[in-house]
Amino acid sequence: MADFDEKDFNERDEEKKEIQDVNTDGEKKESDYEDVCFICRRPESKTGKMFKLPNHITVCNDCMHKTMDTVSQFDYQGMLNNPSFVDDLNKNMNNQGFPNIRFVNLTDLQGEGGIPNKQRVKKKKKGENAEPVLDIKNIPPPHKIKAQLDDYVIGQEHAKKVISVAVYNHYKRVATGTMDEIEIEKSNMLMIGPTGCGKTYLVKTLAKLLDVPLAIADATSLTEAGYIGDDIESVLSKLLAAAENDTEKAERGIVFIDEIDKIAKKKNTNSRDVSGESVQQGMLRLLEGAEVEVPVGANSKNAMVPLTTINTRNILFICGGAFPDLEEIVKQRLKKRTSIGFNAELKDKFDKEKNIISQVTVEDLKKFGMIPEFLGRLPVIYTLRALDKPMLVKILKEPKNAILKQYQKLLELDEVKLEFDDGALEAIAEKAMEKDTGARALRAIIEEFMLDIMYEIPKDDNIGRVTITREYIEGTGGPVIDIRSVGGENPDNLKLLEE
């Protein structure tokens, strides 16, 4: 202990610290995230250079001056930053009858400088090290995007073609910027279709295939700024979170706003329409392209949430909604064409037409309650067909993650083979058509009749195959059960028995 030199120890500690801070190139490492003021939560890009305090705490110039003005008459001499002093002070306070009063120990705060990582914004890259936004050679062409969608989404050929071309054109636009001084306009989309036809599923599948940040938001919770509910900027907050708080990455992402029909203008009301027309008006600048201040890691702006600026010029917006009762508006417009005389159309001609929604126009959407300025910023409008019986049968068995394949996999774990005959599939589709909720009805129907099978099969190890029949679906019979037998008619039974 006599050889211990405090000066040498401190020098070695500083050298060790410098070695940790220096990378292989001999340059000091810089964090990928912006510094955020510990008090006002504004990032460095808004406040300018910050003061750096112990424990990775940063304070902006404004907050530091306000704090110094407030406490200039006191001299704490650094006592409150001493953990042992804080513990002793807390014990004394509790002994004096103040059990619920505690001083904050700054070393206990989570995250760097007490700022959660989900509220830290990545710095924008500058200079030569900045990566190109997108390489146009790596963008998949429309036919490849559609071919990948075909593996998961049944039918809706027109919708898949439209969304594939729109996404391809959008990323060509982002990658090239301008061509011969001709600026390419953004092609935001509006998809219309009945419930359960695959609107949300189509976009979710697209998110898996494309390596770009995608946010799926719901318009039902949006309200005008200042009212209870999510602010319109919360849509971009979800996109920023999907891009891991990288602003540049988020600025070339995709936003899908579901249930867009729920923000239509309210009819026959005298109250302020804070969740209808006001939201449509607030979304205009987002769809058009503007610099928008977005709360990081939160749904609304407040004093404790840092803000960052996102340019929505290169963000593709896809809006989707079921638009109930829109079919009646289309029928009323089409019936006005009917007349009397030869070759006249009957008024009830359109009552039996199933896909009448495909004839929708912008005028019909205006009557529904969408304002003209909002529709003008969604130039690509297309519809999805209601699912018919053959499409429901295909949805049951053809996609890569089809519902029947999921149950077959579950029973394979019990060494049981599950099969469905064609009559059973048709019976399931017929029941789903009666419910009139699209593909969502399939899962509910299968869960109902598979309950007893999933319960009974683990009881008996001799069961090798279960075949679901139409009679079982309709409740007039039961499933066909094959027992394992060595050397029997079914070679699969022998294989299962040997395993």
# chains A, B, ... in the order shown; residues from 1 in each chain; ligands from 1
>>> closest_atom_pairs(of="region 373-466 of chain A", to="region 151-164 of chain A", cutoff="10 Å", atoms="only C-alpha atoms", output="JSON lines")
{"residue": "A:Val380", "atom": "CA", "partner": "A:Val162", "partner_atom": "CA", "distance": 8.4}
{"residue": "A:Ile381", "atom": "CA", "partner": "A:Val162", "partner_atom": "CA", "distance": 9.4}
{"residue": "A:Tyr382", "atom": "CA", "partner": "A:Ala159", "partner_atom": "CA", "distance": 6.8}
{"residue": "A:Thr383", "atom": "CA", "partner": "A:Ala159", "partner_atom": "CA", "distance": 6.9}
{"residue": "A:Leu384", "atom": "CA", "partner": "A:Gln156", "partner_atom": "CA", "distance": 6.1}
{"residue": "A:Arg385", "atom": "CA", "partner": "A:Gln156", "partner_atom": "CA", "distance": 6.5}
{"residue": "A:Ala386", "atom": "CA", "partner": "A:Gln156", "partner_atom": "CA", "distance": 9.1}
{"residue": "A:Leu387", "atom": "CA", "partner": "A:Gly155", "partner_atom": "CA", "distance": 8.5}
{"residue": "A:Pro390", "atom": "CA", "partner": "A:Gly155", "partner_atom": "CA", "distance": 10.0}
{"residue": "A:Met391", "atom": "CA", "partner": "A:Gly155", "partner_atom": "CA", "distance": 6.8}
{"residue": "A:Leu392", "atom": "CA", "partner": "A:Ile154", "partner_atom": "CA", "distance": 8.7}
{"residue": "A:Val393", "atom": "CA", "partner": "A:Ile154", "partner_atom": "CA", "distance": 9.9}
{"residue": "A:Lys394", "atom": "CA", "partner": "A:Ile154", "partner_atom": "CA", "distance": 6.9}
{"residue": "A:Ile395", "atom": "CA", "partner": "A:Ile154", "partner_atom": "CA", "distance": 6.0}
{"residue": "A:Leu396", "atom": "CA", "partner": "A:Ile154", "partner_atom": "CA", "distance": 9.7}
{"residue": "A:Glu398", "atom": "CA", "partner": "A:Ile154", "partner_atom": "CA", "distance": 7.9}
{"residue": "A:Pro399", "atom": "CA", "partner": "A:Tyr152", "partner_atom": "CA", "distance": 4.7}
{"residue": "A:Lys400", "atom": "CA", "partner": "A:Tyr152", "partner_atom": "CA", "distance": 5.8}
{"residue": "A:Asn401", "atom": "CA", "partner": "A:Tyr152", "partner_atom": "CA", "distance": 7.2}
{"residue": "A:Ala402", "atom": "CA", "partner": "A:Tyr152", "partner_atom": "CA", "distance": 8.3}
>>> closest_residue(among="A:Lys266, A:Lys66, A:Lys249, A:Lys186", to="Phe317 (chain A)", atoms="only C-alpha atoms")
A:Lys186
>>> closest_atom_pairs(of="region 177-285 of chain A", to="region 297-306 of chain A", cutoff="9 Å", atoms="only C-alpha atoms", output="tab-separated table")
residue	atom	partner	partner_atom	distance
A:Ala225	CA	A:Ser300	CA	8.8
A:Gly229	CA	A:Ser300	CA	8.6
A:Asp230	CA	A:Asn299	CA	5.8
A:Asp231	CA	A:Ser300	CA	5.6
A:Ile232	CA	A:Ser300	CA	8.6
A:Glu233	CA	A:Ser300	CA	7.5
A:Ser234	CA	A:Asn299	CA	4.7
A:Val235	CA	A:Asn299	CA	8.2
A:Ser237	CA	A:Gly297	CA	6.7
A:Lys238	CA	A:Gly297	CA	8.1
A:Leu240	CA	A:Gly297	CA	8.4
A:Ala241	CA	A:Gly297	CA	7.0
A:Asn245	CA	A:Gly297	CA	8.7
>>> select_by_dssp(residues="region 137-347 of chain A", states="helix (DSSP H, G or I)", output="ChimeraX atom specification")
/A:137-138,142-150,157-176,199-209,219-221,234-242,247-250,260-263,277-288,312-314,326-335,347
>>> closest_residue(among="A:Lys49, A:Arg313, A:Lys409, A:Lys331", to="Glu248 (chain A)", atoms="only C-alpha atoms")
A:Arg313
>>> closest_residue(among="A:Thr205, A:Asn188, A:Thr47, A:Thr176", to="Asp150 (chain A)", atoms="only C-alpha atoms")
A:Thr205
>>> closest_residue(among="A:Leu190, A:Leu210, A:Ile318, A:Ile257", to="Val360 (chain A)", atoms="only C-alpha atoms")
A:Leu190
>>> residues_around(residues="region 212-215 of chain A", least_positions_apart="3", cutoff="12 Å", atoms="only C-alpha atoms", output="short mmCIF file (atom, residue, chain, number, x, y, z; two decimals) with all heavy atoms, in the first residue's frame")
data_model
loop_
_atom_site.label_atom_id
_atom_site.label_comp_id
_atom_site.auth_asym_id
_atom_site.auth_seq_id
_atom_site.Cartn_x
_atom_site.Cartn_y
_atom_site.Cartn_z
N VAL A 133 -29.65 7.58 -50.40
CA VAL A 133 -31.00 7.32 -49.88
C VAL A 133 -31.49 5.95 -50.32
O VAL A 133 -31.92 5.13 -49.52
CB VAL A 133 -31.97 8.43 -50.36
CG1 VAL A 133 -33.37 8.14 -49.87
CG2 VAL A 133 -31.50 9.78 -49.85
N LEU A 134 -31.45 5.67 -51.60
CA LEU A 134 -31.91 4.39 -52.13
C LEU A 134 -31.13 4.09 -53.41
O LEU A 134 -30.83 5.00 -54.19
CB LEU A 134 -33.41 4.43 -52.44
CG LEU A 134 -34.39 4.02 -51.36
CD1 LEU A 134 -35.80 4.15 -51.89
CD2 LEU A 134 -34.16 2.61 -50.87
N ILE A 139 -34.44 -1.84 -56.18
CA ILE A 139 -35.89 -1.75 -56.04
C ILE A 139 -36.53 -2.86 -56.87
O ILE A 139 -36.32 -2.93 -58.08
CB ILE A 139 -36.41 -0.37 -56.51
CG1 ILE A 139 -35.70 0.76 -55.76
CG2 ILE A 139 -37.91 -0.27 -56.33
CD1 ILE A 139 -36.00 2.13 -56.29
N VAL A 167 -46.01 1.50 -55.42
CA VAL A 167 -44.84 1.40 -54.55
C VAL A 167 -43.56 1.50 -55.38
O VAL A 167 -42.60 2.18 -54.99
CB VAL A 167 -44.89 0.08 -53.75
CG1 VAL A 167 -43.57 -0.18 -53.06
CG2 VAL A 167 -46.02 0.13 -52.73
N TYR A 171 -40.71 4.61 -55.03
CA TYR A 171 -39.30 4.48 -54.67
C TYR A 171 -38.36 4.85 -55.81
O TYR A 171 -37.22 5.24 -55.57
CB TYR A 171 -39.04 3.08 -54.11
CG TYR A 171 -39.57 3.02 -52.71
CD1 TYR A 171 -40.73 2.34 -52.40
CD2 TYR A 171 -38.94 3.73 -51.69
CE1 TYR A 171 -41.24 2.35 -51.13
CE2 TYR A 171 -39.44 3.75 -50.41
CZ TYR A 171 -40.59 3.05 -50.13
OH TYR A 171 -41.09 3.09 -48.87
N THR A 200 -56.11 -4.53 -44.89
CA THR A 200 -55.01 -4.45 -43.93
C THR A 200 -54.00 -5.57 -44.15
O THR A 200 -52.79 -5.36 -44.06
CB THR A 200 -55.56 -4.51 -42.48
OG1 THR A 200 -56.59 -3.53 -42.34
CG2 THR A 200 -54.46 -4.23 -41.48
N VAL A 203 -51.47 -4.78 -46.91
CA VAL A 203 -50.41 -3.84 -46.53
C VAL A 203 -49.43 -4.50 -45.56
O VAL A 203 -48.21 -4.30 -45.65
CB VAL A 203 -51.02 -2.57 -45.91
CG1 VAL A 203 -49.93 -1.63 -45.44
CG2 VAL A 203 -51.92 -1.88 -46.92
N LYS A 204 -49.91 -5.31 -44.63
CA LYS A 204 -49.02 -6.02 -43.71
C LYS A 204 -48.09 -6.96 -44.47
O LYS A 204 -46.91 -7.09 -44.13
CB LYS A 204 -49.84 -6.80 -42.67
CG LYS A 204 -50.44 -5.94 -41.59
CD LYS A 204 -51.18 -6.79 -40.57
CE LYS A 204 -51.73 -5.93 -39.44
NZ LYS A 204 -52.48 -6.74 -38.46
N THR A 205 -48.63 -7.63 -45.47
CA THR A 205 -47.80 -8.52 -46.29
C THR A 205 -46.75 -7.72 -47.05
O THR A 205 -45.60 -8.13 -47.17
CB THR A 205 -48.68 -9.31 -47.28
OG1 THR A 205 -49.72 -9.97 -46.56
CG2 THR A 205 -47.86 -10.33 -48.04
N LEU A 206 -47.15 -6.55 -47.55
CA LEU A 206 -46.22 -5.68 -48.26
C LEU A 206 -45.08 -5.24 -47.34
O LEU A 206 -43.93 -5.13 -47.77
CB LEU A 206 -46.97 -4.47 -48.80
CG LEU A 206 -46.23 -3.55 -49.77
CD1 LEU A 206 -45.99 -4.27 -51.09
CD2 LEU A 206 -47.02 -2.27 -50.01
N ALA A 207 -45.40 -5.01 -46.07
CA ALA A 207 -44.37 -4.58 -45.11
C ALA A 207 -43.32 -5.67 -44.90
O ALA A 207 -42.14 -5.37 -44.70
CB ALA A 207 -45.03 -4.23 -43.78
N LYS A 208 -43.74 -6.94 -44.95
CA LYS A 208 -42.78 -8.03 -44.79
C LYS A 208 -41.85 -8.13 -45.99
O LYS A 208 -40.68 -8.48 -45.86
CB LYS A 208 -43.53 -9.36 -44.62
CG LYS A 208 -44.33 -9.48 -43.35
CD LYS A 208 -45.07 -10.81 -43.32
CE LYS A 208 -45.98 -10.91 -42.12
NZ LYS A 208 -46.77 -12.18 -42.12
N LEU A 209 -42.37 -7.85 -47.18
CA LEU A 209 -41.60 -8.05 -48.40
C LEU A 209 -40.62 -6.91 -48.66
O LEU A 209 -39.54 -7.13 -49.20
CB LEU A 209 -42.56 -8.17 -49.60
CG LEU A 209 -43.64 -9.26 -49.49
CD1 LEU A 209 -44.53 -9.24 -50.72
CD2 LEU A 209 -43.01 -10.63 -49.33
N ASP A 218 -54.44 3.83 -36.97
CA ASP A 218 -55.89 3.73 -37.00
C ASP A 218 -56.48 5.14 -36.89
O ASP A 218 -56.15 5.87 -35.95
CB ASP A 218 -56.37 2.87 -35.83
CG ASP A 218 -57.78 2.33 -36.06
OD1 ASP A 218 -58.56 3.03 -36.72
OD2 ASP A 218 -58.08 1.23 -35.58
N SER A 234 -49.25 11.77 -34.42
CA SER A 234 -48.94 10.45 -33.85
C SER A 234 -48.80 9.38 -34.93
O SER A 234 -48.15 8.36 -34.71
CB SER A 234 -50.04 10.03 -32.85
OG SER A 234 -51.27 9.82 -33.52
N VAL A 235 -49.41 9.64 -36.10
CA VAL A 235 -49.24 8.72 -37.23
C VAL A 235 -47.76 8.64 -37.61
O VAL A 235 -47.22 7.56 -37.86
CB VAL A 235 -50.09 9.20 -38.43
CG1 VAL A 235 -49.80 8.38 -39.66
CG2 VAL A 235 -51.57 9.11 -38.08
N LEU A 236 -47.10 9.82 -37.65
CA LEU A 236 -45.68 9.85 -37.99
C LEU A 236 -44.81 9.37 -36.84
O LEU A 236 -43.69 8.89 -37.07
CB LEU A 236 -45.28 11.27 -38.40
CG LEU A 236 -45.96 11.83 -39.65
CD1 LEU A 236 -45.49 13.25 -39.93
CD2 LEU A 236 -45.70 10.94 -40.86
N SER A 237 -45.29 9.49 -35.60
CA SER A 237 -44.53 8.97 -34.46
C SER A 237 -44.36 7.46 -34.56
O SER A 237 -43.31 6.90 -34.24
CB SER A 237 -45.24 9.31 -33.14
OG SER A 237 -45.22 10.69 -32.90
N LYS A 238 -45.42 6.78 -35.04
CA LYS A 238 -45.32 5.32 -35.21
C LYS A 238 -44.34 4.97 -36.33
O LYS A 238 -43.62 3.97 -36.23
CB LYS A 238 -46.71 4.76 -35.53
CG LYS A 238 -47.68 4.86 -34.37
CD LYS A 238 -49.04 4.30 -34.72
CE LYS A 238 -50.00 4.43 -33.53
NZ LYS A 238 -51.35 3.92 -33.84
N LEU A 239 -44.31 5.78 -37.37
CA LEU A 239 -43.36 5.54 -38.45
C LEU A 239 -41.93 5.76 -37.96
O LEU A 239 -41.01 5.00 -38.30
CB LEU A 239 -43.66 6.48 -39.63
CG LEU A 239 -42.75 6.33 -40.85
CD1 LEU A 239 -42.93 4.96 -41.48
CD2 LEU A 239 -43.05 7.41 -41.88
N LEU A 240 -41.72 6.79 -37.14
CA LEU A 240 -40.39 7.06 -36.59
C LEU A 240 -39.94 5.92 -35.69
O LEU A 240 -38.76 5.53 -35.71
CB LEU A 240 -40.42 8.39 -35.83
CG LEU A 240 -39.08 8.95 -35.36
CD1 LEU A 240 -38.18 9.26 -36.55
CD2 LEU A 240 -39.29 10.20 -34.52
N ALA A 241 -40.87 5.37 -34.91
CA ALA A 241 -40.53 4.23 -34.05
C ALA A 241 -40.18 3.00 -34.90
O ALA A 241 -39.27 2.24 -34.56
CB ALA A 241 -41.70 3.92 -33.11
N ALA A 242 -40.90 2.80 -36.01
CA ALA A 242 -40.61 1.66 -36.90
C ALA A 242 -39.24 1.81 -37.55
O ALA A 242 -38.61 0.82 -37.90
CB ALA A 242 -41.69 1.54 -37.97
N ALA A 243 -38.77 3.07 -37.72
CA ALA A 243 -37.47 3.34 -38.32
C ALA A 243 -36.37 3.44 -37.26
O ALA A 243 -35.27 3.91 -37.57
CB ALA A 243 -37.53 4.63 -39.13
N GLU A 244 -36.66 3.01 -36.02
CA GLU A 244 -35.71 3.03 -34.91
C GLU A 244 -35.19 4.46 -34.66
O GLU A 244 -34.00 4.67 -34.44
CB GLU A 244 -34.54 2.08 -35.19
CG GLU A 244 -34.99 0.64 -35.33
CD GLU A 244 -33.84 -0.29 -35.68
OE1 GLU A 244 -32.78 0.23 -36.10
OE2 GLU A 244 -34.01 -1.50 -35.55
N ASN A 245 -36.11 5.40 -34.73
CA ASN A 245 -35.83 6.82 -34.47
C ASN A 245 -34.79 7.41 -35.42
O ASN A 245 -34.12 8.39 -35.09
CB ASN A 245 -35.39 7.03 -33.01
CG ASN A 245 -36.54 6.88 -32.04
OD1 ASN A 245 -37.67 6.58 -32.44
ND2 ASN A 245 -36.28 7.06 -30.77
N ASP A 246 -34.66 6.82 -36.59
CA ASP A 246 -33.79 7.36 -37.63
C ASP A 246 -34.65 8.23 -38.55
O ASP A 246 -35.47 7.71 -39.31
CB ASP A 246 -33.13 6.22 -38.42
CG ASP A 246 -32.07 6.73 -39.40
OD1 ASP A 246 -32.12 7.93 -39.74
OD2 ASP A 246 -31.22 5.93 -39.81
N THR A 247 -34.47 9.56 -38.47
CA THR A 247 -35.33 10.48 -39.21
C THR A 247 -35.20 10.28 -40.72
O THR A 247 -36.20 10.27 -41.44
CB THR A 247 -34.97 11.94 -38.85
OG1 THR A 247 -35.02 12.08 -37.42
CG2 THR A 247 -35.95 12.90 -39.47
N GLU A 248 -33.97 10.10 -41.21
CA GLU A 248 -33.77 9.95 -42.65
C GLU A 248 -34.45 8.70 -43.18
O GLU A 248 -35.02 8.68 -44.27
CB GLU A 248 -32.27 9.92 -42.96
CG GLU A 248 -31.58 11.25 -42.75
CD GLU A 248 -30.13 11.20 -43.16
OE1 GLU A 248 -29.65 10.10 -43.50
OE2 GLU A 248 -29.48 12.25 -43.15
N LYS A 249 -34.39 7.62 -42.40
CA LYS A 249 -35.03 6.38 -42.82
C LYS A 249 -36.55 6.52 -42.80
O LYS A 249 -37.25 6.01 -43.67
CB LYS A 249 -34.59 5.25 -41.88
CG LYS A 249 -34.88 3.85 -42.40
CD LYS A 249 -34.29 2.81 -41.45
CE LYS A 249 -34.63 1.41 -41.93
NZ LYS A 249 -34.13 0.38 -40.99
N ALA A 250 -37.07 7.22 -41.79
CA ALA A 250 -38.53 7.40 -41.68
C ALA A 250 -39.06 8.26 -42.82
O ALA A 250 -40.21 8.07 -43.25
CB ALA A 250 -38.87 8.02 -40.33
N GLU A 251 -38.25 9.18 -43.33
CA GLU A 251 -38.72 10.10 -44.36
C GLU A 251 -38.91 9.43 -45.72
O GLU A 251 -39.35 10.08 -46.67
CB GLU A 251 -37.75 11.29 -44.49
CG GLU A 251 -37.88 12.29 -43.34
CD GLU A 251 -36.90 13.43 -43.47
OE1 GLU A 251 -35.97 13.32 -44.30
OE2 GLU A 251 -37.06 14.43 -42.73
N ARG A 252 -38.56 8.15 -45.85
CA ARG A 252 -38.84 7.43 -47.09
C ARG A 252 -39.64 6.16 -46.81
O ARG A 252 -39.56 5.18 -47.54
CB ARG A 252 -37.52 7.09 -47.81
CG ARG A 252 -36.54 6.25 -47.02
CD ARG A 252 -35.31 5.95 -47.86
NE ARG A 252 -34.41 5.02 -47.22
CZ ARG A 252 -33.34 5.37 -46.50
NH1 ARG A 252 -33.07 6.64 -46.34
NH2 ARG A 252 -32.56 4.46 -45.96
N GLY A 253 -40.43 6.20 -45.75
CA GLY A 253 -41.24 5.04 -45.36
C GLY A 253 -42.65 5.09 -45.93
O GLY A 253 -42.99 5.92 -46.77
N ILE A 254 -43.48 4.14 -45.46
CA ILE A 254 -44.87 4.02 -45.90
C ILE A 254 -45.76 4.08 -44.67
O ILE A 254 -45.46 3.45 -43.64
CB ILE A 254 -45.11 2.70 -46.65
CG1 ILE A 254 -44.22 2.61 -47.90
CG2 ILE A 254 -46.57 2.56 -47.07
CD1 ILE A 254 -44.32 1.28 -48.62
N VAL A 255 -46.85 4.84 -44.76
CA VAL A 255 -47.83 4.93 -43.67
C VAL A 255 -49.17 4.42 -44.19
O VAL A 255 -49.66 4.91 -45.21
CB VAL A 255 -47.97 6.38 -43.16
CG1 VAL A 255 -49.09 6.47 -42.14
CG2 VAL A 255 -46.67 6.87 -42.56
N PHE A 256 -49.73 3.43 -43.49
CA PHE A 256 -51.07 2.94 -43.82
C PHE A 256 -52.03 3.40 -42.73
O PHE A 256 -51.86 3.07 -41.56
CB PHE A 256 -51.08 1.42 -43.93
CG PHE A 256 -52.46 0.84 -44.16
CD1 PHE A 256 -53.16 1.15 -45.31
CD2 PHE A 256 -53.06 0.01 -43.22
CE1 PHE A 256 -54.43 0.63 -45.54
CE2 PHE A 256 -54.33 -0.52 -43.44
CZ PHE A 256 -55.01 -0.19 -44.60
N ILE A 257 -53.02 4.19 -43.12
CA ILE A 257 -54.03 4.69 -42.18
C ILE A 257 -55.32 3.92 -42.41
O ILE A 257 -55.98 4.10 -43.44
CB ILE A 257 -54.25 6.21 -42.34
CG1 ILE A 257 -52.92 6.95 -42.26
CG2 ILE A 257 -55.21 6.72 -41.29
CD1 ILE A 257 -53.03 8.44 -42.51
N ASP A 258 -55.64 3.05 -41.47
CA ASP A 258 -56.83 2.19 -41.60
C ASP A 258 -58.06 2.93 -41.06
O ASP A 258 -57.95 3.91 -40.33
CB ASP A 258 -56.60 0.89 -40.84
CG ASP A 258 -57.48 -0.24 -41.35
OD1 ASP A 258 -58.24 -0.01 -42.32
OD2 ASP A 258 -57.41 -1.35 -40.80
N ILE A 315 -42.80 10.44 -48.10
CA ILE A 315 -43.53 9.38 -47.38
C ILE A 315 -44.78 9.02 -48.18
O ILE A 315 -45.57 9.90 -48.53
CB ILE A 315 -43.90 9.83 -45.96
CG1 ILE A 315 -42.63 10.09 -45.14
CG2 ILE A 315 -44.76 8.78 -45.27
CD1 ILE A 315 -42.89 10.63 -43.75
N LEU A 316 -44.95 7.74 -48.46
CA LEU A 316 -46.12 7.27 -49.21
C LEU A 316 -47.26 6.96 -48.23
O LEU A 316 -47.08 6.17 -47.30
CB LEU A 316 -45.77 6.02 -50.01
CG LEU A 316 -46.90 5.42 -50.85
CD1 LEU A 316 -47.32 6.38 -51.96
CD2 LEU A 316 -46.49 4.09 -51.45
N PHE A 317 -48.40 7.60 -48.44
CA PHE A 317 -49.57 7.37 -47.58
C PHE A 317 -50.57 6.49 -48.30
O PHE A 317 -50.95 6.77 -49.44
CB PHE A 317 -50.22 8.71 -47.20
CG PHE A 317 -49.44 9.52 -46.21
CD1 PHE A 317 -48.47 10.42 -46.64
CD2 PHE A 317 -49.64 9.36 -44.85
CE1 PHE A 317 -47.74 11.16 -45.74
CE2 PHE A 317 -48.91 10.11 -43.94
CZ PHE A 317 -47.95 11.01 -44.39
N ILE A 318 -50.98 5.42 -47.63
CA ILE A 318 -52.02 4.53 -48.14
C ILE A 318 -53.17 4.56 -47.15
O ILE A 318 -52.98 4.25 -45.96
CB ILE A 318 -51.51 3.08 -48.32
CG1 ILE A 318 -50.26 3.05 -49.20
CG2 ILE A 318 -52.59 2.19 -48.91
CD1 ILE A 318 -49.61 1.68 -49.28
N CYS A 319 -54.34 4.97 -47.59
CA CYS A 319 -55.52 5.03 -46.72
C CYS A 319 -56.48 3.91 -47.12
O CYS A 319 -56.64 3.61 -48.31
CB CYS A 319 -56.21 6.39 -46.83
SG CYS A 319 -55.15 7.78 -46.37
#
>>> residues_around(residues="region 440-444 of chain A", least_positions_apart="4", cutoff="12 Å", atoms="only C-alpha atoms", output="JSON, numbers by chain")
{"A": [194, 195, 196, 197, 198, 200, 201, 387, 389, 391, 392, 393, 394, 395, 396, 397, 402, 403, 404, 406, 407, 425, 426, 427, 428, 429, 430, 431, 432, 433, 434, 435, 436, 448, 449, 450, 451]}
>>> select_by_dssp(residues="region 150-396 of chain A", states="strand (DSSP E)", output="NGL selection string")
:A and (178-179 or 182-183 or 189-192 or 214-218 or 254-258 or 291-295 or 307-311 or 316-321 or 380-383)
>>> atom_distance(atom1="CA of Met64 (chain A)", atom2="CA of Glu34 (chain A)")
18.2 Å
>>> residues_around(residues="Ser45 (chain A)", least_positions_apart="3", cutoff="9 Å", atoms="only C-alpha atoms", output="number ranges by chain")
A: 34-35, 42, 48-49, 123, 308
>>> write_last_selection(atoms="C-alpha atoms", output="compact mmCIF listing (two decimals), in the first residue's frame")
# COMPACT_ATOMS: atom_id res chain seq x y z
CA GLU A 34 -28.76 13.40 -30.66
CA ASP A 35 -28.27 14.78 -27.16
CA ARG A 42 -35.56 19.29 -26.75
CA GLY A 48 -27.77 24.26 -30.16
CA LYS A 49 -24.69 23.19 -28.21
CA LYS A 123 -28.31 12.19 -35.77
CA THR A 308 -38.07 16.17 -34.10
>>> residues_around(residues="Cys60 (chain A)", least_positions_apart="2", cutoff="7 Å", atoms="only C-alpha atoms", output="list in words")
Cys37, Thr47, Met50, Phe51, Thr58, Asp62, Cys63 and Met64 of chain A
>>> write_last_selection(atoms="N, CA, C and O atoms", output="PDB file, in the first residue's frame")
ATOM      1  N   CYS A  37     -31.987  17.566 -24.038  1.00  0.00           N
ATOM      2  CA  CYS A  37     -31.934  18.317 -22.781  1.00  0.00           C
ATOM      3  C   CYS A  37     -32.672  17.561 -21.681  1.00  0.00           C
ATOM      4  O   CYS A  37     -33.811  17.124 -21.870  1.00  0.00           O
ATOM      5  N   THR A  47     -31.825  23.137 -29.925  1.00  0.00           N
ATOM      6  CA  THR A  47     -31.331  24.023 -28.875  1.00  0.00           C
ATOM      7  C   THR A  47     -29.922  24.554 -29.141  1.00  0.00           C
ATOM      8  O   THR A  47     -29.527  25.561 -28.568  1.00  0.00           O
ATOM      9  N   MET A  50     -24.922  21.968 -26.119  1.00  0.00           N
ATOM     10  CA  MET A  50     -25.420  21.755 -24.757  1.00  0.00           C
ATOM     11  C   MET A  50     -24.273  21.635 -23.760  1.00  0.00           C
ATOM     12  O   MET A  50     -23.131  21.334 -24.121  1.00  0.00           O
ATOM     13  N   PHE A  51     -24.625  21.839 -22.482  1.00  0.00           N
ATOM     14  CA  PHE A  51     -23.698  21.597 -21.390  1.00  0.00           C
ATOM     15  C   PHE A  51     -23.742  20.119 -21.040  1.00  0.00           C
ATOM     16  O   PHE A  51     -24.818  19.532 -20.918  1.00  0.00           O
ATOM     17  N   THR A  58     -27.212  15.971 -20.203  1.00  0.00           N
ATOM     18  CA  THR A  58     -26.966  17.168 -21.006  1.00  0.00           C
ATOM     19  C   THR A  58     -28.084  18.173 -20.756  1.00  0.00           C
ATOM     20  O   THR A  58     -29.256  17.797 -20.647  1.00  0.00           O
ATOM     21  N   ASP A  62     -30.547  27.450 -22.489  1.00  0.00           N
ATOM     22  CA  ASP A  62     -31.669  28.161 -21.854  1.00  0.00           C
ATOM     23  C   ASP A  62     -31.961  27.607 -20.473  1.00  0.00           C
ATOM     24  O   ASP A  62     -32.108  28.360 -19.490  1.00  0.00           O
ATOM     25  N   CYS A  63     -32.060  26.274 -20.369  1.00  0.00           N
ATOM     26  CA  CYS A  63     -32.408  25.658 -19.089  1.00  0.00           C
ATOM     27  C   CYS A  63     -31.294  25.846 -18.065  1.00  0.00           C
ATOM     28  O   CYS A  63     -31.554  26.000 -16.868  1.00  0.00           O
ATOM     29  N   MET A  64     -30.047  25.818 -18.528  1.00  0.00           N
ATOM     30  CA  MET A  64     -28.933  26.012 -17.605  1.00  0.00           C
ATOM     31  C   MET A  64     -28.965  27.412 -16.995  1.00  0.00           C
ATOM     32  O   MET A  64     -28.799  27.590 -15.785  1.00  0.00           O
TER      33      MET A  64
END
